[in-house]
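Trainee: Okay, handing you the structure first.
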Amino acid sequence: MKVYVLVEDYSGYESPFLAQHGVSFLVEKDGKRILFDTGQSAEPILHNMKLLGIEPSSIDYVFLSHCHYDHTGGLLGILKAVGRRIPVIAHPEIFRRHFTMSPYLRSVGIPFRRAEIEELADLYLTPKPLEIVEGIRSTGEVRSREEFERGHLQVYTIKNGQVQEDTIMDDMSLVAKTPEGLVIISGCSHAGIVSIVRHAIRLTGEKRVRAVIGGFHLIDASEERIERTVREFLELGVKEVYTGHCTGLRAEAAFLKAYGERFRKLHSGMVVEFEGD
Ligand SMILES: [Fe+2]
Ligand SMILES: [Fe+2]
């Protein structure tokens, strides 16, 4: 299995790749390619794909980890470049109104209507786990969230005609079973990265976690939460950590200190290969 970092907040050192605040990974297994999130816009993704020698038409599926614009904004541009109808897998609530009021009221959700996507692709919406290719499935909704990871993100939605706090229940990850344990890929980990890892272990019945990849959204987390996250990772036996995007420098430094060589900072153009599949 291979994971390509198509776009990420950091471009890498002396890198020809473009960076953008957002996430887009390509997960490749047994000749099938799943595009995990689509950044804010298609241009840097398509630019970086060209450098990596990946044809957009070779994408077989799109998986959207949650509604945020920095994970969904490139979707239409990517689907146009793919040039045929492919499945787009996401949570059914991904199209809800989703906004922040800081520093002013604005939408931070998916910038497209459902019909615009359905013109180009086939939606597969479900809150449940869904196997996309053999051995790789969506975690579905992560309902059991650790107390210490419960939301500090101030985002809102409209429910029953009124403004309400939004707990981002559409946050889903991918989990791949490899001979050396699970590889868990997350977008922003709004459900809490420790909750996601525990959920993936319960879902698959596999206790060994080979790698966790993605943004952990600890950028504004307390020192206590960061310390506890690293400690729980070690206790769960997570072998390798690949993180960036919304993880934040303090949490990255904490993981680097605990994991040493087994920690890697994500950057656009990075390719991670999990051998033995
Ligand atoms: Fe994000
Ligand atoms: Fe997010």
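Starting from 1 in every chain, residues are counted up; chains themselves are A, B, ... following the order of the structure tokens, and ligands are numbered from 1 as listed.
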Segment 167-243 of chain A near segment 254-262 of chain A within 9 Å: what's each residue's closest atom pair and its distance in Å to one decimal, counting only C-alpha atoms, ordered by chain then ascending residue number, as a Markdown table?
Mentor:
| residue | atom | partner | partner_atom | distance |
| --- | --- | --- | --- | --- |
| A:Ile226 | CA | A:Ala254 | CA | 7.5 |
| A:Glu227 | CA | A:Ala254 | CA | 7.3 |
| A:Val230 | CA | A:Phe255 | CA | 6.3 |
| A:Arg231 | CA | A:Ala258 | CA | 8.7 |
| A:Leu234 | CA | A:Ala258 | CA | 8.3 |
| A:Lys239 | CA | A:Arg262 | CA | 7.0 |
| A:Glu240 | CA | A:Arg262 | CA | 4.9 |
| A:Val241 | CA | A:Arg262 | CA | 6.4 |
| A:Tyr242 | CA | A:Arg262 | CA | 8.4 |
Trainee: Kindly export the residues of the current selection with all heavy atoms, as a CSV table (one decimal), in the first residue's frame.
Mentor:
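Just written: again.csv:
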chain,number,residue,atom,x,y,z
A,226,ILE,N,-2.3,17.6,24.7
A,226,ILE,CA,-1.2,17.2,23.8
A,226,ILE,C,-0.4,16.0,24.5
A,226,ILE,O,-0.2,15.0,23.9
A,226,ILE,CB,-0.3,18.3,23.4
A,226,ILE,CG1,-1.0,19.3,22.5
A,226,ILE,CG2,1.0,17.8,22.8
A,226,ILE,CD1,-0.3,20.6,22.2
A,227,GLU,N,-0.1,16.3,25.7
A,227,GLU,CA,0.7,15.2,26.5
A,227,GLU,C,-0.1,13.9,26.6
A,227,GLU,O,0.4,12.9,26.4
A,227,GLU,CB,1.0,15.7,27.9
A,227,GLU,CG,2.3,16.5,28.0
A,227,GLU,CD,2.4,17.2,29.4
A,227,GLU,OE1,1.9,16.6,30.4
A,227,GLU,OE2,2.9,18.3,29.4
A,230,VAL,N,-0.2,12.0,23.2
A,230,VAL,CA,1.1,11.3,22.9
A,230,VAL,C,1.2,10.1,23.8
A,230,VAL,O,1.5,9.0,23.4
A,230,VAL,CB,2.3,12.2,23.1
A,230,VAL,CG1,3.6,11.5,23.0
A,230,VAL,CG2,2.3,13.4,22.2
A,231,ARG,N,0.8,10.2,25.1
A,231,ARG,CA,0.9,9.1,26.1
A,231,ARG,C,0.0,8.0,25.6
A,231,ARG,O,0.3,6.8,25.6
A,231,ARG,CB,0.5,9.6,27.4
A,231,ARG,CG,0.9,8.7,28.6
A,231,ARG,CD,0.8,9.4,29.9
A,231,ARG,NE,-0.7,9.6,30.3
A,231,ARG,CZ,-1.2,10.8,30.6
A,231,ARG,NH1,-0.4,11.8,30.7
A,231,ARG,NH2,-2.4,10.9,30.9
A,234,LEU,N,1.4,6.0,22.7
A,234,LEU,CA,2.4,5.1,23.2
A,234,LEU,C,1.8,3.9,23.8
A,234,LEU,O,2.2,2.7,23.6
A,234,LEU,CB,3.4,5.8,24.1
A,234,LEU,CG,4.3,6.9,23.5
A,234,LEU,CD1,5.0,7.7,24.5
A,234,LEU,CD2,5.3,6.3,22.4
A,239,LYS,N,2.9,2.5,16.2
A,239,LYS,CA,4.3,2.4,15.8
A,239,LYS,C,4.9,3.7,15.2
A,239,LYS,O,6.0,4.1,15.5
A,239,LYS,CB,4.5,1.2,14.9
A,239,LYS,CG,4.4,-0.1,15.6
A,239,LYS,CD,4.9,-1.3,14.8
A,239,LYS,CE,4.5,-2.6,15.3
A,239,LYS,NZ,3.6,-3.3,14.4
A,240,GLU,N,4.1,4.2,14.2
A,240,GLU,CA,4.7,5.4,13.4
A,240,GLU,C,3.6,6.5,13.4
A,240,GLU,O,2.4,6.2,13.3
A,240,GLU,CB,5.0,4.9,12.0
A,240,GLU,CG,6.2,4.0,11.9
A,240,GLU,CD,6.2,3.2,10.6
A,240,GLU,OE1,5.8,3.8,9.6
A,240,GLU,OE2,6.7,2.1,10.6
A,241,VAL,N,4.1,7.7,13.3
A,241,VAL,CA,3.2,8.9,13.3
A,241,VAL,C,3.6,9.8,12.1
A,241,VAL,O,4.8,10.1,12.0
A,241,VAL,CB,3.2,9.7,14.6
A,241,VAL,CG1,2.4,11.0,14.5
A,241,VAL,CG2,2.7,8.8,15.7
A,242,TYR,N,2.7,10.1,11.2
A,242,TYR,CA,2.9,11.0,10.1
A,242,TYR,C,1.9,12.1,10.2
A,242,TYR,O,0.7,11.8,10.0
A,242,TYR,CB,2.7,10.3,8.7
A,242,TYR,CG,3.6,9.1,8.5
A,242,TYR,CD1,3.3,7.8,9.1
A,242,TYR,CD2,4.8,9.2,7.7
A,242,TYR,CE1,4.1,6.7,8.9
A,242,TYR,CE2,5.6,8.1,7.5
A,242,TYR,CZ,5.3,6.9,8.1
A,242,TYR,OH,6.1,5.8,7.9
Trainee: Let me have all residues with an atom within 8 Å of ligand 1, counting only C-alpha atoms and all ligand atoms, laid out as an MDAnalysis selection string.
Mentor: chainID A and resid 21:23 68:71 187:188 215 217 245:246
Trainee: As an exercise, work out the distance from atom CA of Gly151 of chain A to atom CA of Ala211 of chain A in Å and give it to one decimal place.
Mentor: 24.0 Å
Trainee: Figure out the distance between atom CA of Ile158 of chain A and atom CA of Asp220 of chain A, please, to one decimal in Å.
Mentor: 25.0 Å
Trainee: Enumerate as a list in words all residues of segment 63-163 of chain A assigned to strand (DSSP E or B) by DSSP on the backbone, naming them with the chain letters and numbers the document uses.
Mentor: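 Reading the DSSP output for segment 63-163 of chain A, strand (DSSP E or B) covers Phe63, Pro87, Val88, Ile89, Ala90, Phe99, Thr100, Arg106, Ser107, Asp122, Leu123, Tyr124, Leu125, Leu130, Glu131, Ile132, Val133, Ile136, Arg137, Ser138, Tyr156, Thr157, Ile158, Lys159, Gln162 and Val163 of chain A.
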Trainee: Excluding same-chain residues fewer than 2 positions from Arg145 of chain A, what lies within 9 Å of it counting only C-alpha atoms, as a PyMOL selection string?
Mentor: chain A and resi 142-143+147-150+191-192+194-196+199
Trainee: Check segment 16-182 of chain A with DSSP on the backbone and list each residue it calls alpha helix (DSSP H), as a ChimeraX atom specification.
Mentor: /A:42-52,69-72,75-82,114-118
Trainee: Using the selection just defined, write its residues with C-alpha atoms as a PDB file, in the first residue's frame.
Mentor:
ATOM      1  CA  ALA A  42      -7.782  21.569  -7.473  1.00  0.00           C
ATOM      2  CA  GLU A  43      -4.851  23.510  -8.986  1.00  0.00           C
ATOM      3  CA  PRO A  44      -2.043  22.659  -6.523  1.00  0.00           C
ATOM      4  CA  ILE A  45      -3.224  19.038  -6.357  1.00  0.00           C
ATOM      5  CA  LEU A  46      -3.162  18.670 -10.136  1.00  0.00           C
ATOM      6  CA  HIS A  47       0.232  20.430 -10.285  1.00  0.00           C
ATOM      7  CA  ASN A  48       1.699  18.068  -7.672  1.00  0.00           C
ATOM      8  CA  MET A  49       0.106  15.009  -9.307  1.00  0.00           C
ATOM      9  CA  LYS A  50       1.855  15.897 -12.548  1.00  0.00           C
ATOM     10  CA  LEU A  51       5.213  16.025 -10.737  1.00  0.00           C
ATOM     11  CA  LEU A  52       4.459  12.633  -9.170  1.00  0.00           C
ATOM     12  CA  TYR A  69     -13.605  23.695   2.748  1.00  0.00           C
ATOM     13  CA  ASP A  70      -9.887  22.882   3.058  1.00  0.00           C
ATOM     14  CA  HIS A  71     -10.755  19.197   2.452  1.00  0.00           C
ATOM     15  CA  THR A  72     -13.593  19.526  -0.065  1.00  0.00           C
ATOM     16  CA  LEU A  75     -13.668  18.363  -5.459  1.00  0.00           C
ATOM     17  CA  LEU A  76     -15.374  19.721  -8.603  1.00  0.00           C
ATOM     18  CA  GLY A  77     -12.070  20.598 -10.271  1.00  0.00           C
ATOM     19  CA  ILE A  78     -10.696  17.138  -9.514  1.00  0.00           C
ATOM     20  CA  LEU A  79     -13.855  15.378 -10.772  1.00  0.00           C
ATOM     21  CA  LYS A  80     -13.631  17.363 -14.023  1.00  0.00           C
ATOM     22  CA  ALA A  81      -9.986  16.302 -14.402  1.00  0.00           C
ATOM     23  CA  VAL A  82     -10.899  12.653 -13.695  1.00  0.00           C
ATOM     24  CA  ARG A 114     -25.198  18.281  -3.778  1.00  0.00           C
ATOM     25  CA  ALA A 115     -26.591  18.614  -7.330  1.00  0.00           C
ATOM     26  CA  GLU A 116     -23.321  20.096  -8.628  1.00  0.00           C
ATOM     27  CA  ILE A 117     -21.457  16.982  -7.494  1.00  0.00           C
ATOM     28  CA  GLU A 118     -24.126  14.593  -8.743  1.00  0.00           C
TER      29      GLU A 118
END
Trainee: Would you compute the distance between atom CA of Ser41 of chain A and atom CA of Ser57 of chain A? Give it in Å to one decimal.
Mentor: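 Computing the Euclidean distance for atom CA of Ser41 of chain A and atom CA of Ser57 of chain A yields 17.5 Å.
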